[in-house]
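Chemist: Got a structure for you, written out below as structure tokens; questions coming shortly.
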Amino acid sequence: MFTKGFKAERNECMGPWWLLCRSWYDGSCYLFKVKSFNVVSLIVDLAARYFPGRDVSLDSASDANFELARRWLRGCLSSHPLCGTISPSPLPTRLIDIGNGISPQNPRLFIPAVGASGRYTALSYCWGTTQNNILTKANLKDKTEKIPLFDLPKTIHDAVEITQKLGLQYLWVDALCIIQDSVTDWQTESANMGNIYHNAFFTIQASGAKDTQGGCFIPRTPQEPPPAKLRFDLEDRSIGSVFVRSRPLVDTKTDPLHRRGWTLQESLLSPRILSYGANEMWWECKTTHYSEAGSLLQDQGSFPGLPKPIRTKTKNHLLPLDLHIADPAMERKFAWSYIVRDYASRQLTFPKDKLPALSGLARYISHTRPGDAYLAGLWKSELPSNLLWSVIKGIRPSVYRAPSWSWAAFDGEITVFSHGYTSTDNYCEVLNASTILSGSDLFGQVSAGMITLRGPLKEGWRILDEQSLNGDPNVQYLYKHNRHLERSDNTFRLKLGLCELDIFDSAQKLGEPVATWCLQITNLEGLALQRAPSGVFHRIGIFGLDDKKTGWFEESDVRILDIV
């Protein structure tokens, strides 16, 4: 039953997402914002040409959804100016051959000839806590003969079906295409991960599954209350119908996949993505994006080194920066800042993967930075200002994986590099910067790193007080001297600003001054350091001076120091 009728009149001046609607009852006019009211239609309905969103109550593995995915892919190949038809790409070291029939059959591991090219899909998914069906040295030969379909976990089984129904023969899945008990093979293939996803015909994202048993085809929870059906009068006097949801669908960008570390580079480097979320199916490519329910993504910008724009559910720029007039150097800085901020808060099963899980993306970004050096998550050309990242909420893993001056030494949410955009002052000079790699990947794990800087260095004192304890103990007042602070006027005279620690030292006593070396980088900000008995320094945080206290550094020595 129709709840109410509307006559649609497209209002071009308001843009494609606005319709002027006239009531059937009294002729009253309503300005109808489609994306706010979550209006969808059935694919077979006459109103479908006005409303791209579809009813998501259908099974995600339905024939209608497979046809929708085929239509998205065909449209991308035939009419998208930035996409077009893709020529065969270099094939990975190993692939899963699923056959060229129309229904799933037992796949097998396929090893292409060196230099072979073709088309394949790649799977981006969450492993979860266990992954039983993996490639090992012992079962390599058996899997080249047969991988029983019924042995595959649901996510990989669903990916086989999607690949087959969209007309491709080969699928790449890390668990079955990388020898998991070979350190050498893992290092080689993980370093090539960026190429694998970048060269894929399209990437299948199992976005809504938290592990391999979740699958791509997730049963959808009925919407409560169900969408209301409205009569829709078209311009040619024909009658269709639409459905209005009382509330928007859950944001698919909060699906489990988008909280995992490895999947960021898989998403940003894939030229085409077919994503299966908990509530709807998505398509992304260089030219545009679609969703089954008509949801929208916001372009954050098209950045050098990335095959398609960065898109998110909401506009989320780090700075009010007009990218259309920004110079290339500023665009490169902004892109990497955005990537690092997103990546740093994501989760990894193995903490040691912090740099390897970003190495493919860093490798592609490096093509836009000729002559630059990648240093454990930072770029040498943007030092020293990019040392001014800060930890919002995080921990330092017990096992070493990056030098103290790299954000990669921490797990958790951070802010990155904003000072490098807002300040042109540069009080510090980089004399040398290097890392020692743990393997052959120039963008992977490191075992050590050191930067040598020359700049104004002074010793200050930070104090944990009651105000810090009641708020954030990581943020403490910075003082000129370690005198006992009793009188308020003395406190005001000696206070310099704030010191923001990366990690709070639980052994620090209330009211006790702690020596803190301060290296000036901009007129107001710099690194908070601790000196080891050997003479080298470790980063412990950043500091910020009050506007009237910048003169503190005027009589400081210019020192050369090593930070590890």
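Letters A, B, ... mark the chains of the structure tokens in the order given; residue numbers begin at 1 per chain; ligand numbers begin at 1, in order shown.
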From a backbone DSSP assignment, name each residue in stretch 258-455 of chain A labelled alpha helix (DSSP H), as a PyMOL selection string.
Modeler: chain A and resi 262-269+328-344+356-366+419-422
Chemist: Could you name the residues that touch A:Ser270 at 8 Å or less, counting only C-alpha atoms, but leaving out those on the same chain fewer than 5 positions away, as a PyMOL selection string?
Modeler: chain A and resi 197-200+202-203+307
Chemist: Would you output that residue set with C-alpha atoms, as an mmCIF file, in the first residue's frame?
Modeler:
data_model
loop_
_atom_site.group_PDB
_atom_site.id
_atom_site.type_symbol
_atom_site.label_atom_id
_atom_site.label_comp_id
_atom_site.auth_asym_id
_atom_site.auth_seq_id
_atom_site.Cartn_x
_atom_site.Cartn_y
_atom_site.Cartn_z
ATOM 1 C CA TYR A 197 46.608 -5.136 -6.065
ATOM 2 C CA HIS A 198 47.458 -2.365 -8.497
ATOM 3 C CA ASN A 199 47.568 -4.840 -11.420
ATOM 4 C CA ALA A 200 44.389 -6.712 -10.454
ATOM 5 C CA PHE A 202 39.415 -5.610 -9.833
ATOM 6 C CA THR A 203 39.691 -6.275 -6.104
ATOM 7 C CA PRO A 307 45.485 5.266 -9.095
#
Chemist: For A:Pro81, find every residue with an atom within 10 Å (counting only C-alpha atoms), except residues of its own chain fewer than 5 positions away, and show them as a list in words.
Modeler: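 With the cut-off at 10 Å, the set is Cys76, Lys286 and Thr287 of chain A.
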Chemist: Produce a file of the selected residues containing all heavy atoms, as a compact mmCIF listing (two decimals), in the first residue's frame.
Modeler:
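The result, written out as result.txt:
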# COMPACT_ATOMS: atom_id res chain seq x y z
N CYS A 76 32.19 0.68 -16.41
CA CYS A 76 33.55 1.17 -16.16
C CYS A 76 34.43 0.95 -17.38
O CYS A 76 35.19 1.84 -17.79
CB CYS A 76 34.13 0.46 -14.95
SG CYS A 76 35.82 0.92 -14.55
N LYS A 286 38.50 4.59 -10.81
CA LYS A 286 39.16 5.88 -10.97
C LYS A 286 38.16 7.00 -11.24
O LYS A 286 38.34 8.14 -10.81
CB LYS A 286 40.16 5.82 -12.13
CG LYS A 286 41.31 4.86 -11.93
CD LYS A 286 42.22 4.86 -13.15
CE LYS A 286 43.34 3.85 -13.01
NZ LYS A 286 44.23 3.84 -14.20
N THR A 287 37.09 6.67 -11.97
CA THR A 287 36.16 7.70 -12.43
C THR A 287 35.09 8.04 -11.42
O THR A 287 34.75 9.21 -11.22
CB THR A 287 35.51 7.27 -13.75
OG1 THR A 287 36.53 6.97 -14.70
CG2 THR A 287 34.61 8.36 -14.31
Chemist: Using only C-alpha atoms, find the one residue out of A:Arg311, A:Thr522, A:Leu529, A:Gly471 that sits nearest to A:Cys499.
Modeler: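 Once distances to A:Cys499 are computed over only C-alpha atoms, the minimum belongs to A:Leu529.
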Chemist: Nearest to A:Ala69 among A:Ser275, A:Thr136, A:Thr254, A:Asn195, with distances taken over only C-alpha atoms: which residue is it?
Modeler: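 Answer, going by the shortest atom-to-atom distance: A:Ser275.
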Chemist: What gap, in Å, lies between atom CA of A:Lys549 and atom CA of A:Lys495?
Modeler: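 Taking atom CA of A:Lys549 and atom CA of A:Lys495, their separation equals 8.7 Å.
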Chemist: Considering only C-alpha atoms, can you say which of A:Leu152, A:Ser190, A:Lys143, A:Arg220 comes closest to A:Ala61?
Modeler: A:Arg220
Chemist: My list of candidates is A:Pro107, A:Gly208, A:Pro256, A:Gly214. Which is closest to A:Gln169 when distances are computed with only C-alpha atoms?
Modeler: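 Of all the options, A:Pro107 lies closest to A:Gln169.
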Chemist: Neighbouring residues of A:Gly215 were defined as those with any atom within 7 Å, considering only C-alpha atoms; residues of the same chain fewer than 2 positions away were excluded. Please report them as a tab-separated table (two decimals) with N, CA and C atoms, in the first residue's frame.
Modeler:
chain	number	residue	atom	x	y	z
A	154	LYS	N	34.65	-19.62	4.12
A	154	LYS	CA	33.55	-19.00	3.40
A	154	LYS	C	33.97	-17.76	2.60
A	155	THR	N	34.82	-16.93	3.16
A	155	THR	CA	35.21	-15.71	2.46
A	155	THR	C	35.91	-16.03	1.14
A	158	ASP	N	33.39	-17.62	-1.33
A	158	ASP	CA	32.55	-16.60	-1.97
A	158	ASP	C	33.33	-15.83	-3.03
A	206	ALA	N	35.92	-8.17	1.09
A	206	ALA	CA	34.98	-8.77	2.03
A	206	ALA	C	34.87	-7.82	3.22
A	209	ALA	N	33.06	-8.76	6.83
A	209	ALA	CA	33.43	-9.98	7.56
A	209	ALA	C	34.62	-9.71	8.46
A	212	THR	N	37.68	-15.10	8.18
A	212	THR	CA	37.47	-15.84	6.93
A	212	THR	C	36.17	-16.62	6.91
A	213	GLN	N	35.53	-16.77	8.04
A	213	GLN	CA	34.25	-17.48	8.07
A	213	GLN	C	33.07	-16.56	7.82
A	217	PHE	N	29.08	-12.85	1.21
A	217	PHE	CA	27.62	-12.86	1.18
A	217	PHE	C	27.11	-13.00	2.61
A	218	ILE	N	26.90	-11.86	3.25
A	218	ILE	CA	26.50	-11.83	4.65
A	218	ILE	C	24.99	-11.67	4.73
Chemist: Smallest atom-to-atom distance to A:Gly360: which of A:Pro403, A:Gly305, A:Gly460, A:Gly526, using only C-alpha atoms?
Modeler: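 Ranked by minimum distance to A:Gly360, first place goes to A:Gly305.
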